[in-house]
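Data first, discussion second: the structure below is written as structure tokens.
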Amino acid sequence: MPLIDRAQVLHVAKLARLTLADDEVPVITAQLERILEHIAQLSEVDTEGVEPTAHVGVDRLPLREDVVAPSLDRAAVLAAAPDTVGHGFVVPAFVEE
Amino acid sequence: MTAPTAWEPIIGLEVHAQLLTRTKIFCGCATSFGAEPNTHVCPVCLGLPGALPVLNRSAAEMAVRTALALGCTVRARSVFARKSYFYPDLPKGYQISQFDLPFSEHGHLDIEPEGGEPRRVGITRIHLEEDAGKNLHGVAEVPGQSVIDLNRAGTPLVEIVGEPDLRGPEDAVAYLKKLRSILVALGVNDGNLEEGSFRCDVNVSVRRRGTEAFGTRVEIKNINSFRHVQRGLAYEIARLTDLAERGETFRQHTRQWDDERGRTVFLREKEGSDDYRYFPDPDLPALVLDEAFVAAQRAQLPELPDARRHRLTSVLGLPTYDADLLTSHPRIGDFFEEILRSRPGDGAFAKRAANFVMTEVLAGTTTHGLEVSFPITSSQLVELLGLVEAGTISGKQAKDVYAAVQGTDRSPKSWVESQGMAQVSDASALETICQGLIDQNPKQASAYRAGKTNMLGFFVGGVMRETKGSANPVVVNEILLRLLA
């Protein structure tokens with residue numbers, strides 16, 4: 001029983017906005033299969049009765065006072081982007097929701 | 001009202017409300033609306049590698065006040081999760097939101113739909129999350145491109161998810177108006193649909209009346225006015241009913257309201273929650289909202305619109321219509337109550353003051369979000385209404401004085417004095433005028449005494465002419481009745 005099949009690979013590729021060529025799909029599927037097998041070794045550890053842990057070290061979220069701090073210089077910010085128009089970042093066309 | 005068919009609409013609303021904090025939810029960038037594009041951005045809200053989010057205390061406080069006002073429970077330890085999806089307005093490739101452990105659940109809202117019975121509807125949950133960036137319309141130079149402003153990215157939002165308890169467009173509008181009035185009264189949101197600080201997604205499906213199971217639902221986005229909610233839902237319910245009648249099935253999807261063409265259009269397939277690959281954000285440990293935190297917020301809750309309205313109707317005896325209008329915005333309610341404070345507990349005065357505020361003052365009042373601008377200050381109005389109550393000027397004169405003092409810092413009292421408008425209530429002065437009139441018009445006087453009682457109007461009119469309308473009509477009537485007896 002494989003850990004991942006062609007349909008799942010295509011679905012994940014779609015979520016990641018990746019276009020896979022037909023001949024890439026079996027290659028990627030085999031590679032992901034090996035990665036999942038590797039990760040699956042973790043399930044050998046007995047975690048019976050152990051609380052899941054998402055964080056270590058800090059028990060509660062620290063809170064910040066609602067005080068304005070300086071933002072970055074716009075010219076510097078825009079200079080780091082691949083493409084800009086006017087004072088904005090160029091992105092693929094989208095419908096605002 | 002929509003005519004009932006064999007199919008029953010089932011509606012649930014999701015509202016995203018921006019919290020009125022000074023800074024963003026996870027960084028110190030200012031949240032100010034309308035700033036120059038991309039001037040309120042930093043490594044955290046741009047999603048630059050290595051930047052770490054720190055929660056804004058004020059956002060947590062406002063969120064808790066929202067939950068308490070909506071009768072929700074507050075979870076002692078809630079969890080921020082990453083909702084992963086790629087969209088051009090989302091710099092990090094994920095939105096920090098809450099998923100299986102939101103900070104608040106199980107609330108309710110009491111609605112009074114137009115033409116329907118008041119009733120209580122459920123609120124499933126409220127969670128805290130961050131807003132996305134904004135499309136700068138009309139800036140892109142090439143087709144297939146958009147230009148984005150990330151000032152809004154990271155603005156704190158509460159998402160308020162309602163139960164599918166609503167059954168028509170009127171219910172939905174009543175729900176949104178009530179919810180908005182509460183958020184505005186709390187001071188946590190400015191209730192501005194047009195500018196997008198109060199946004200609504202509508203979930204709707206139809207099912208055969210008398211059955212339990214829900215039909216396939218669609219989500220409608222881009223509804224940015226109460227009128228759009230009403231029209232969009234009416235359209236979509238009719239469309240879904242038609243599909244159901246014809247036995248047509250479809251997949252769950254998202255639609256958009258096109259107000260110009262008056263119809264909804266297909267936007268995209270709905271992603272399942274699995275597709276968002278939610279997992280606890282490793283950068284954010286549990287949000288702890290302990291009893292002391294919640295109690296401190298509970299102590300700060302203002303009087304909510306329903307309670308205020310009830311006080312005005314039950315205690316002061318104002319009609320529901322007046323109370324609705326005068327509590328429609330918290331600042332208008334505050335303004336009116338400042339007037340009432342000049343004569344506490346006086347229901348008759350409250351009604352006269354309400355009439356004056358509704359007919360004169362509100363006509364020139366403008367609201368913008370939480371801001372309201374009145375044409376007259378409450379202390380000027382207290383002085384003006386006081387002049388009427390004391391009989392110094394008549395109600396009719398009050399309107400003239402109002403017209404003269406509005407938009408200025410004039411004192412109504414000084415204005416009345418300077419214009420010689422004071423109503424003559426001095427009985428001895430009026431008696432001299434009345435006696436003079438009776439002496440000059442013996443025929444009319446004896447006609448009155450012979451039983452022609454409508455002749456009284458002749459004398460009242462005469463006094464008004466002599467005093468240029470400034471005589472107190474009540475006092476004039478008393479004197480004439482006595483002298484002509």
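Residues are referred to by chain and number: the chain letter is A, B, ... according to the order shown in the structure tokens, the number counts from 1 in that chain, and ligands are numbered separately from 1 in the order shown.
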What's around region 128-132 of chain B at 7 Å? Count only C-alpha atoms, leave out sequence neighbours fewer than 2 positions away in its own chain, and write the answer as a list of chain:residue names.
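Answer for this query is B:Ile25, B:Asp89, B:Leu90, B:Gln95, B:Ile96, B:Ser97, B:Gln98, B:Lys134, B:Arg152, B:Ala153, B:Gly154, B:Thr155, B:Pro156, B:Leu157, B:Val158, B:Glu159.
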Those residues with C-alpha atoms, as a CSV table (one decimal), in the first residue's frame please?
chain,number,residue,atom,x,y,z
B,25,ILE,CA,-2.2,42.3,15.5
B,89,ASP,CA,-2.6,39.4,-1.0
B,90,LEU,CA,-1.1,37.1,1.6
B,95,GLN,CA,-2.8,33.4,7.4
B,96,ILE,CA,-2.5,33.4,11.2
B,97,SER,CA,-5.9,32.4,12.4
B,98,GLN,CA,-7.5,30.1,14.9
B,134,LYS,CA,-5.4,45.2,-0.5
B,152,ARG,CA,-3.8,46.3,5.7
B,153,ALA,CA,-1.9,43.0,6.0
B,154,GLY,CA,-1.8,42.1,9.7
B,155,THR,CA,-4.7,44.3,10.8
B,156,PRO,CA,-6.5,42.5,13.6
B,157,LEU,CA,-9.8,40.9,12.7
B,158,VAL,CA,-12.4,39.0,14.7
B,159,GLU,CA,-14.3,36.5,12.5
Residues of chain B within 6 Å of chain A, counting only C-alpha atoms, as a PyMOL selection string:
chain B and resi 23+28-30+39-42+55-58+88+144-149+282+285-287
Write the residues you've just listed into a file as a short mmCIF file (atom, residue, chain, number, x, y, z; two decimals), in the first residue's frame, and include all heavy atoms for each of them.
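Once everything was written out, this is out-v4.cif:
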data_model
loop_
_atom_site.label_atom_id
_atom_site.label_comp_id
_atom_site.auth_asym_id
_atom_site.auth_seq_id
_atom_site.Cartn_x
_atom_site.Cartn_y
_atom_site.Cartn_z
N THR B 23 -2.29 49.61 16.49
CA THR B 23 -1.28 48.89 15.72
C THR B 23 -1.82 47.54 15.26
O THR B 23 -2.88 47.10 15.69
CB THR B 23 -0.01 48.66 16.55
OG1 THR B 23 -0.32 47.77 17.64
CG2 THR B 23 0.54 49.96 17.11
N GLY B 28 4.15 46.26 15.40
CA GLY B 28 3.88 47.63 15.84
C GLY B 28 3.54 48.60 14.72
O GLY B 28 3.46 49.82 14.95
N CYS B 29 3.31 48.11 13.50
CA CYS B 29 2.93 49.02 12.41
C CYS B 29 1.55 49.61 12.70
O CYS B 29 0.66 48.90 13.17
CB CYS B 29 2.88 48.27 11.07
SG CYS B 29 4.50 47.81 10.45
N ALA B 30 1.38 50.90 12.35
CA ALA B 30 0.09 51.56 12.57
C ALA B 30 -0.96 50.98 11.64
O ALA B 30 -0.66 50.53 10.53
CB ALA B 30 0.24 53.05 12.34
N THR B 39 3.41 52.06 3.40
CA THR B 39 4.20 52.83 4.36
C THR B 39 4.04 52.27 5.77
O THR B 39 4.75 52.68 6.68
CB THR B 39 3.78 54.31 4.38
OG1 THR B 39 2.35 54.39 4.55
CG2 THR B 39 4.17 55.02 3.09
N HIS B 40 3.06 51.36 5.99
CA HIS B 40 2.87 50.74 7.30
C HIS B 40 3.20 49.26 7.20
O HIS B 40 2.32 48.41 7.37
CB HIS B 40 1.43 50.95 7.80
CG HIS B 40 1.09 52.38 8.07
ND1 HIS B 40 2.00 53.27 8.57
CD2 HIS B 40 -0.05 53.07 7.90
CE1 HIS B 40 1.43 54.46 8.71
NE2 HIS B 40 0.18 54.37 8.30
N VAL B 41 4.44 48.97 6.86
CA VAL B 41 4.85 47.57 6.73
C VAL B 41 6.20 47.36 7.42
O VAL B 41 7.01 48.29 7.52
CB VAL B 41 4.94 47.13 5.25
CG1 VAL B 41 3.57 47.12 4.60
CG2 VAL B 41 5.90 48.03 4.46
N CYS B 42 6.40 46.12 7.90
CA CYS B 42 7.65 45.79 8.59
C CYS B 42 7.95 44.32 8.32
O CYS B 42 7.15 43.64 7.68
CB CYS B 42 7.52 46.06 10.08
SG CYS B 42 6.54 44.82 10.94
N LEU B 55 1.61 39.07 19.90
CA LEU B 55 0.20 39.49 19.91
C LEU B 55 0.00 40.84 20.60
O LEU B 55 0.56 41.11 21.67
CB LEU B 55 -0.67 38.42 20.57
CG LEU B 55 -2.18 38.71 20.57
CD1 LEU B 55 -2.74 38.71 19.15
CD2 LEU B 55 -2.93 37.69 21.42
N ASN B 56 -0.83 41.67 19.99
CA ASN B 56 -1.24 42.97 20.51
C ASN B 56 -2.24 42.77 21.66
O ASN B 56 -3.30 42.18 21.46
CB ASN B 56 -1.89 43.73 19.33
CG ASN B 56 -2.33 45.13 19.66
OD1 ASN B 56 -2.54 45.46 20.82
ND2 ASN B 56 -2.48 45.94 18.63
N ARG B 57 -1.92 43.27 22.83
CA ARG B 57 -2.78 43.10 24.00
C ARG B 57 -4.17 43.71 23.76
O ARG B 57 -5.20 43.13 24.12
CB ARG B 57 -2.15 43.77 25.23
CG ARG B 57 -3.05 43.74 26.47
CD ARG B 57 -2.46 44.55 27.63
NE ARG B 57 -1.18 44.02 28.06
CZ ARG B 57 -1.03 43.00 28.88
NH1 ARG B 57 -2.10 42.40 29.39
NH2 ARG B 57 0.16 42.57 29.20
N SER B 58 -4.16 44.86 23.13
CA SER B 58 -5.42 45.56 22.89
C SER B 58 -6.35 44.75 21.98
O SER B 58 -7.57 44.74 22.17
CB SER B 58 -5.09 46.92 22.28
OG SER B 58 -6.23 47.66 22.12
N PRO B 88 -2.24 36.25 -3.82
CA PRO B 88 -1.32 37.38 -3.96
C PRO B 88 -1.41 38.42 -2.83
O PRO B 88 -0.48 39.21 -2.65
CB PRO B 88 -1.72 38.01 -5.30
CG PRO B 88 -2.35 36.89 -6.06
CD PRO B 88 -3.06 36.07 -5.03
N GLY B 144 -3.27 40.90 -16.49
CA GLY B 144 -2.76 39.73 -15.81
C GLY B 144 -1.95 40.07 -14.58
O GLY B 144 -1.44 39.19 -13.90
N GLN B 145 -1.84 41.36 -14.30
CA GLN B 145 -1.14 41.77 -13.08
C GLN B 145 -2.06 42.59 -12.18
O GLN B 145 -2.96 43.28 -12.66
CB GLN B 145 0.07 42.63 -13.43
CG GLN B 145 1.18 41.84 -14.10
CD GLN B 145 2.43 42.68 -14.31
OE1 GLN B 145 2.40 43.90 -14.24
NE2 GLN B 145 3.54 42.02 -14.58
N SER B 146 -1.79 42.50 -10.90
CA SER B 146 -2.42 43.39 -9.93
C SER B 146 -1.29 44.05 -9.15
O SER B 146 -0.16 43.55 -9.15
CB SER B 146 -3.31 42.62 -8.94
OG SER B 146 -4.47 42.13 -9.57
N VAL B 147 -1.61 45.17 -8.52
CA VAL B 147 -0.61 45.85 -7.69
C VAL B 147 -1.15 45.88 -6.28
O VAL B 147 -2.33 46.17 -6.04
CB VAL B 147 -0.33 47.27 -8.23
CG1 VAL B 147 0.66 47.99 -7.33
CG2 VAL B 147 0.22 47.17 -9.65
N ILE B 148 -0.28 45.54 -5.32
CA ILE B 148 -0.78 45.34 -3.97
C ILE B 148 -0.16 46.30 -2.95
O ILE B 148 1.01 46.68 -3.04
CB ILE B 148 -0.60 43.86 -3.56
CG1 ILE B 148 -1.44 43.57 -2.33
CG2 ILE B 148 0.84 43.52 -3.31
CD1 ILE B 148 -1.98 42.20 -2.32
N ASP B 149 -1.02 46.69 -2.00
CA ASP B 149 -0.64 47.53 -0.87
C ASP B 149 -0.76 46.66 0.38
O ASP B 149 -1.83 46.10 0.65
CB ASP B 149 -1.62 48.72 -0.81
CG ASP B 149 -1.49 49.53 0.47
OD1 ASP B 149 -0.47 49.40 1.17
OD2 ASP B 149 -2.43 50.31 0.76
N PRO B 282 3.92 27.48 15.24
CA PRO B 282 5.03 27.26 16.19
C PRO B 282 5.56 28.57 16.77
O PRO B 282 6.21 28.55 17.81
CB PRO B 282 6.11 26.59 15.34
CG PRO B 282 5.46 26.21 14.05
CD PRO B 282 4.28 27.10 13.86
N PRO B 285 2.81 30.57 21.12
CA PRO B 285 2.30 29.67 22.16
C PRO B 285 0.83 29.97 22.46
O PRO B 285 0.27 30.93 21.93
CB PRO B 285 3.18 29.99 23.38
CG PRO B 285 4.32 30.79 22.87
CD PRO B 285 3.88 31.45 21.62
N ALA B 286 0.22 29.18 23.32
CA ALA B 286 -1.21 29.32 23.61
C ALA B 286 -1.55 30.73 24.12
O ALA B 286 -0.80 31.32 24.90
CB ALA B 286 -1.64 28.28 24.64
N LEU B 287 -2.68 31.25 23.66
CA LEU B 287 -3.18 32.52 24.17
C LEU B 287 -3.95 32.22 25.45
O LEU B 287 -4.96 31.51 25.43
CB LEU B 287 -4.12 33.16 23.14
CG LEU B 287 -4.95 34.35 23.62
CD1 LEU B 287 -4.07 35.49 24.11
CD2 LEU B 287 -5.87 34.84 22.49
#
Non-local contacts of region 296-299 of chain B (9 Å; only C-alpha atoms; under 6 positions in same chain excluded) as a ChimeraX atom specification
/B:61-62,64-65,68-69
May I have the selected residues written with all heavy atoms, as a PDB file, in the first residue's frame?
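Dumped everything to part35.pdb:
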ATOM      1  N   GLU B  61      -7.941  42.176  24.111  1.00  0.00           N
ATOM      2  CA  GLU B  61      -8.954  42.773  24.994  1.00  0.00           C
ATOM      3  C   GLU B  61     -10.240  43.063  24.229  1.00  0.00           C
ATOM      4  O   GLU B  61     -11.342  42.758  24.696  1.00  0.00           O
ATOM      5  CB  GLU B  61      -8.393  44.058  25.626  1.00  0.00           C
ATOM      6  CG  GLU B  61      -7.285  43.769  26.628  1.00  0.00           C
ATOM      7  CD  GLU B  61      -6.571  45.025  27.133  1.00  0.00           C
ATOM      8  OE1 GLU B  61      -6.767  46.119  26.546  1.00  0.00           O
ATOM      9  OE2 GLU B  61      -5.806  44.896  28.112  1.00  0.00           O
ATOM     10  N   MET B  62     -10.096  43.662  23.045  1.00  0.00           N
ATOM     11  CA  MET B  62     -11.292  43.976  22.250  1.00  0.00           C
ATOM     12  C   MET B  62     -12.027  42.705  21.837  1.00  0.00           C
ATOM     13  O   MET B  62     -13.254  42.660  21.807  1.00  0.00           O
ATOM     14  CB  MET B  62     -10.913  44.779  21.016  1.00  0.00           C
ATOM     15  CG  MET B  62     -10.469  46.197  21.342  1.00  0.00           C
ATOM     16  SD  MET B  62     -10.159  47.112  19.809  1.00  0.00           S
ATOM     17  CE  MET B  62      -9.520  48.635  20.500  1.00  0.00           C
ATOM     18  N   VAL B  64     -12.122  39.902  23.441  1.00  0.00           N
ATOM     19  CA  VAL B  64     -12.831  39.342  24.593  1.00  0.00           C
ATOM     20  C   VAL B  64     -14.101  40.152  24.883  1.00  0.00           C
ATOM     21  O   VAL B  64     -15.159  39.590  25.173  1.00  0.00           O
ATOM     22  CB  VAL B  64     -11.904  39.282  25.831  1.00  0.00           C
ATOM     23  CG1 VAL B  64     -12.693  39.000  27.102  1.00  0.00           C
ATOM     24  CG2 VAL B  64     -10.836  38.210  25.624  1.00  0.00           C
ATOM     25  N   ARG B  65     -14.019  41.486  24.766  1.00  0.00           N
ATOM     26  CA  ARG B  65     -15.232  42.293  24.985  1.00  0.00           C
ATOM     27  C   ARG B  65     -16.309  41.930  23.958  1.00  0.00           C
ATOM     28  O   ARG B  65     -17.488  41.867  24.277  1.00  0.00           O
ATOM     29  CB  ARG B  65     -14.908  43.784  24.913  1.00  0.00           C
ATOM     30  CG  ARG B  65     -14.058  44.262  26.077  1.00  0.00           C
ATOM     31  CD  ARG B  65     -14.279  45.726  26.400  1.00  0.00           C
ATOM     32  NE  ARG B  65     -13.796  46.642  25.393  1.00  0.00           N
ATOM     33  CZ  ARG B  65     -12.509  47.009  25.260  1.00  0.00           C
ATOM     34  NH1 ARG B  65     -11.592  46.521  26.080  1.00  0.00           N
ATOM     35  NH2 ARG B  65     -12.155  47.871  24.332  1.00  0.00           N
ATOM     36  N   LEU B  68     -17.900  38.658  25.050  1.00  0.00           N
ATOM     37  CA  LEU B  68     -18.778  38.804  26.217  1.00  0.00           C
ATOM     38  C   LEU B  68     -20.091  39.475  25.817  1.00  0.00           C
ATOM     39  O   LEU B  68     -21.167  39.084  26.280  1.00  0.00           O
ATOM     40  CB  LEU B  68     -18.075  39.615  27.311  1.00  0.00           C
ATOM     41  CG  LEU B  68     -16.842  38.936  27.928  1.00  0.00           C
ATOM     42  CD1 LEU B  68     -16.146  39.881  28.906  1.00  0.00           C
ATOM     43  CD2 LEU B  68     -17.222  37.626  28.626  1.00  0.00           C
ATOM     44  N   ALA B  69     -20.008  40.483  24.940  1.00  0.00           N
ATOM     45  CA  ALA B  69     -21.221  41.193  24.524  1.00  0.00           C
ATOM     46  C   ALA B  69     -22.140  40.296  23.710  1.00  0.00           C
ATOM     47  O   ALA B  69     -23.338  40.553  23.616  1.00  0.00           O
ATOM     48  CB  ALA B  69     -20.847  42.433  23.718  1.00  0.00           C
TER      49      ALA B  69
END
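For the pair CA of Val25 (chain A) and CA of Ser84 (chain B), the interatomic distance is 22.8 Å.
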For the atom pair CA of Gly407 (chain B) and CA of Pro375 (chain B), what is the interatomic distance in Å to one decimal place?
5.2 Å
Region 29-148 of chain B: residues DSSP assigns to helix (DSSP H, G or I), reported as a PyMOL selection string
chain B and resi 43-46+57-69
Identify which of the residues A:Ser43, A:Lys14, A:Arg6, A:Ala76 lies closest to Val27 (chain A), counting only C-alpha atoms when measuring atom-to-atom distances.
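Closest candidate: A:Arg6.
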List every residue of region 101-276 of chain B that DSSP, applied to the backbone of this structure, places in strand (DSSP E or B), and write the result as a PyMOL selection string.
chain B and resi 104-111+119-130+134-135+145-149+156-162+166+198-208+218-223+253-258+263-269
